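Peer 1: The structure that follows is given in the form of C-alpha cells.
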Amino acid sequence: MHRDHSPLRARSAPRHVPSLVLDIDQMLDEFTRQAVQAEFRFDPDMPAVITVEFLAERGPSLIWRIGRELLHRGLTAMSGSGDVRMWPTLPGERPSSWLLLESQEVEVLFELPTAELTEWLDTTYRIAPADTEMDGLDWDGFLLGLTGGPGMPGA
C-alpha cells in the first residue's frame, strides 16, 4: 500500500438539504383561512436565497425567492420591507409567523408554523453559515451585467 501524495483530491460534495413541505394557512380575510402547501428549497450554490413554491390545489403554483436571513429573523422579530415581510404571531397554542408577499398583482398573507421551519433553516446554516453566503458570487460578472459591460447584448 502507498499513500496518495498528489495535490489533486476529490472535493467533498456539498451536503444536500431536502426540501421542506409545510401545511400553511392563507388568510383570505380576517376570519377565513385556506389551507395551502408550501415547499421550501435550499441550494448550497445560492445559500442567501430560499425558493418557496406555494402549491395550489388547482391552477399554477406561485414561486417566490426570499432571503434566508429575512425568513430566519422573521421567526422571532419583524423582518423585511417592501414586497416581503415576516414577523411572529402573538403567543398562542402553536408558534407561528406571518409572511406577507406583495406585488403589483397580488397581496397575500400566510401563517407559517415555525417549529419545522426553524429546524430546517438551522440545517441550512450548518451547511452554509451566514458569513459564507457571498463567497461563491461572481462580483465582477454581476457588476458587468449591471453596467452593460463587455459581452452584454447592446454593449
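The chains in the C-alpha cells are called A, B, ... from first to last as shown; in each chain the residues are counted from 1, and the ligands are counted from 1 in the order shown.
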Name all residues at most 10 Å from stretch 98-106 of chain A (count only C-alpha atoms; drop same-chain ones fewer than 3 positions away) and give them as an MDAnalysis selection string.

Peer 2: chainID A and resid 25:27 64 66 71 74:75 78:90 109:114

Peer 1: Would you export the selected residues with C-alpha atoms as a short mmCIF file (atom, residue, chain, number, x, y, z; two decimals), in the first residue's frame, please?

Peer 2:
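For reference, selection17.cif as written:
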data_model
loop_
_atom_site.label_atom_id
_atom_site.label_comp_id
_atom_site.auth_asym_id
_atom_site.auth_seq_id
_atom_site.Cartn_x
_atom_site.Cartn_y
_atom_site.Cartn_z
CA ASP A 25 -52.79 28.89 6.05
CA GLN A 26 -53.52 31.58 3.52
CA MET A 27 -55.58 34.34 5.06
CA TRP A 64 -41.07 33.40 -4.64
CA ILE A 66 -36.93 35.02 -0.34
CA LEU A 71 -37.04 34.18 6.92
CA GLY A 74 -38.99 36.73 10.84
CA LEU A 75 -39.34 33.73 13.13
CA MET A 78 -40.23 41.90 12.34
CA SER A 79 -38.14 41.27 9.24
CA GLY A 80 -38.07 42.58 5.71
CA SER A 81 -39.59 45.57 3.99
CA GLY A 82 -41.29 46.23 0.70
CA ASP A 83 -42.51 43.14 -1.14
CA VAL A 84 -41.68 40.54 1.52
CA ARG A 85 -42.18 40.88 5.27
CA MET A 86 -42.33 38.34 8.05
CA TRP A 87 -42.99 38.58 11.80
CA PRO A 88 -44.05 36.29 14.66
CA THR A 89 -47.71 35.98 15.59
CA LEU A 90 -48.89 36.64 19.11
CA LEU A 109 -50.78 36.81 3.88
CA PHE A 110 -49.77 33.36 5.11
CA GLU A 111 -49.46 31.93 8.60
CA LEU A 112 -46.50 29.55 8.88
CA PRO A 113 -45.81 27.07 11.69
CA THR A 114 -42.34 27.96 12.94
#

Peer 1: Please identify all polymer residues within 12 Å of A:Thr123, counting only C-alpha atoms, omitting same-chain residues fewer than 5 positions from it, and present them as a PDB file with N, CA and C atoms, in the first residue's frame.

Peer 2:
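Contents of the output file around-v5.pdb:
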ATOM      1  N   ARG A  15     -23.398  19.101   1.092  1.00  0.00           N
ATOM      2  CA  ARG A  15     -24.465  18.253   1.621  1.00  0.00           C
ATOM      3  C   ARG A  15     -25.799  18.748   1.114  1.00  0.00           C
ATOM      4  N   HIS A  16     -26.656  17.837   0.859  1.00  0.00           N
ATOM      5  CA  HIS A  16     -27.982  18.144   0.332  1.00  0.00           C
ATOM      6  C   HIS A  16     -28.957  18.361   1.486  1.00  0.00           C
ATOM      7  N   VAL A  17     -29.762  19.402   1.382  1.00  0.00           N
ATOM      8  CA  VAL A  17     -30.822  19.646   2.350  1.00  0.00           C
ATOM      9  C   VAL A  17     -32.131  19.321   1.649  1.00  0.00           C
ATOM     10  N   PRO A  18     -32.854  18.314   2.109  1.00  0.00           N
ATOM     11  CA  PRO A  18     -34.135  18.010   1.475  1.00  0.00           C
ATOM     12  C   PRO A  18     -35.072  19.205   1.590  1.00  0.00           C
ATOM     13  N   SER A  19     -35.938  19.347   0.608  1.00  0.00           N
ATOM     14  CA  SER A  19     -36.905  20.439   0.677  1.00  0.00           C
ATOM     15  C   SER A  19     -37.843  20.201   1.864  1.00  0.00           C
ATOM     16  N   LEU A  20     -38.436  21.270   2.325  1.00  0.00           N
ATOM     17  CA  LEU A  20     -39.369  21.225   3.444  1.00  0.00           C
ATOM     18  C   LEU A  20     -40.754  21.570   2.907  1.00  0.00           C
ATOM     19  N   ARG A  41     -37.101  25.339  -0.613  1.00  0.00           N
ATOM     20  CA  ARG A  41     -35.931  24.676  -1.188  1.00  0.00           C
ATOM     21  C   ARG A  41     -34.679  25.522  -0.969  1.00  0.00           C
ATOM     22  N   PHE A  42     -33.594  24.822  -0.653  1.00  0.00           N
ATOM     23  CA  PHE A  42     -32.298  25.445  -0.391  1.00  0.00           C
ATOM     24  C   PHE A  42     -31.289  24.922  -1.392  1.00  0.00           C
ATOM     25  N   PRO A  44     -27.252  25.021  -2.005  1.00  0.00           N
ATOM     26  CA  PRO A  44     -25.973  25.421  -1.401  1.00  0.00           C
ATOM     27  C   PRO A  44     -25.150  26.344  -2.294  1.00  0.00           C
ATOM     28  N   PRO A  47     -26.819  30.149  -1.242  1.00  0.00           N
ATOM     29  CA  PRO A  47     -27.332  29.968   0.116  1.00  0.00           C
ATOM     30  C   PRO A  47     -28.113  31.149   0.677  1.00  0.00           C
ATOM     31  N   ARG A  68     -32.839  34.184   2.878  1.00  0.00           N
ATOM     32  CA  ARG A  68     -32.794  33.253   4.010  1.00  0.00           C
ATOM     33  C   ARG A  68     -32.751  34.008   5.333  1.00  0.00           C
ATOM     34  N   HIS A  72     -35.290  33.760   8.539  1.00  0.00           N
ATOM     35  CA  HIS A  72     -34.756  33.398   9.846  1.00  0.00           C
ATOM     36  C   HIS A  72     -35.104  34.452  10.896  1.00  0.00           C
ATOM     37  N   GLU A 116     -40.930  23.580  12.570  1.00  0.00           N
ATOM     38  CA  GLU A 116     -40.255  22.843  11.493  1.00  0.00           C
ATOM     39  C   GLU A 116     -39.405  23.772  10.638  1.00  0.00           C
ATOM     40  N   LEU A 117     -39.908  24.983  10.378  1.00  0.00           N
ATOM     41  CA  LEU A 117     -39.153  25.935   9.567  1.00  0.00           C
ATOM     42  C   LEU A 117     -37.865  26.340  10.272  1.00  0.00           C
ATOM     43  N   THR A 118     -37.923  26.556  11.581  1.00  0.00           N
ATOM     44  CA  THR A 118     -36.727  26.901  12.364  1.00  0.00           C
ATOM     45  C   THR A 118     -35.678  25.802  12.264  1.00  0.00           C
ATOM     46  N   ALA A 128     -24.166  26.083   5.139  1.00  0.00           N
ATOM     47  CA  ALA A 128     -23.617  27.336   4.616  1.00  0.00           C
ATOM     48  C   ALA A 128     -23.863  28.436   5.644  1.00  0.00           C
ATOM     49  N   PRO A 129     -22.900  28.668   6.547  1.00  0.00           N
ATOM     50  CA  PRO A 129     -23.065  29.708   7.553  1.00  0.00           C
ATOM     51  C   PRO A 129     -23.307  31.080   6.911  1.00  0.00           C
ATOM     52  N   ALA A 130     -23.967  31.954   7.637  1.00  0.00           N
ATOM     53  CA  ALA A 130     -24.328  33.276   7.117  1.00  0.00           C
ATOM     54  C   ALA A 130     -23.110  34.036   6.598  1.00  0.00           C
TER      55      ALA A 130
END

Peer 1: Tell me which protein, DNA and RNA residues are within 8 Å of A:Asp23, counting only C-alpha atoms, leaving out same-chain ones fewer than 5 positions away, and put them as a VMD selection string.

Peer 2: chain A and resid 35 to 38 112

Peer 1: When you look at A:Glu53 with a cut-off of 6 Å (counting only C-alpha atoms), what residues show up, excluding the ones that are within fewer than 5 positions of it in the same chain? I need them as a PyMOL selection string.

Peer 2: chain A and resi 38-39+62-63

Peer 1: Save the residues we just selected, all heavy atoms, as a compact mmCIF listing (two decimals), in the first residue's frame?

Peer 2:
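Done, and the output landed in again-v9.txt:
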# COMPACT_ATOMS: atom_id res chain seq x y z
N ALA A 38 -46.67 24.72 1.12
CA ALA A 38 -45.52 25.50 0.66
C ALA A 38 -44.29 24.60 0.72
O ALA A 38 -44.05 23.92 1.72
CB ALA A 38 -45.32 26.73 1.53
N GLU A 39 -43.53 24.61 -0.36
CA GLU A 39 -42.29 23.84 -0.42
C GLU A 39 -41.11 24.80 -0.38
O GLU A 39 -40.99 25.66 -1.25
CB GLU A 39 -42.23 22.98 -1.67
CG GLU A 39 -40.98 22.14 -1.75
CD GLU A 39 -40.93 21.23 -2.96
OE1 GLU A 39 -41.83 21.30 -3.82
OE2 GLU A 39 -39.98 20.44 -3.04
N LEU A 62 -47.24 29.22 -7.24
CA LEU A 62 -46.62 30.53 -7.16
C LEU A 62 -45.23 30.35 -6.55
O LEU A 62 -45.09 29.72 -5.51
CB LEU A 62 -47.48 31.44 -6.26
CG LEU A 62 -46.99 32.84 -5.97
CD1 LEU A 62 -47.01 33.67 -7.26
CD2 LEU A 62 -47.88 33.48 -4.92
N ILE A 63 -44.21 30.88 -7.21
CA ILE A 63 -42.83 30.74 -6.72
C ILE A 63 -42.28 32.11 -6.34
O ILE A 63 -42.38 33.06 -7.11
CB ILE A 63 -41.92 30.09 -7.79
CG1 ILE A 63 -42.39 28.67 -8.08
CG2 ILE A 63 -40.46 30.11 -7.34
CD1 ILE A 63 -41.64 27.97 -9.19

Peer 1: So that I can check the secondary structure, give me every residue of stretch 10-138 of chain A assigned strand (DSSP E) by backbone DSSP, as number ranges by chain.

Peer 2: A: 20-27, 33-42, 49-55, 62-67, 79-81, 84-88, 96-102, 107-113
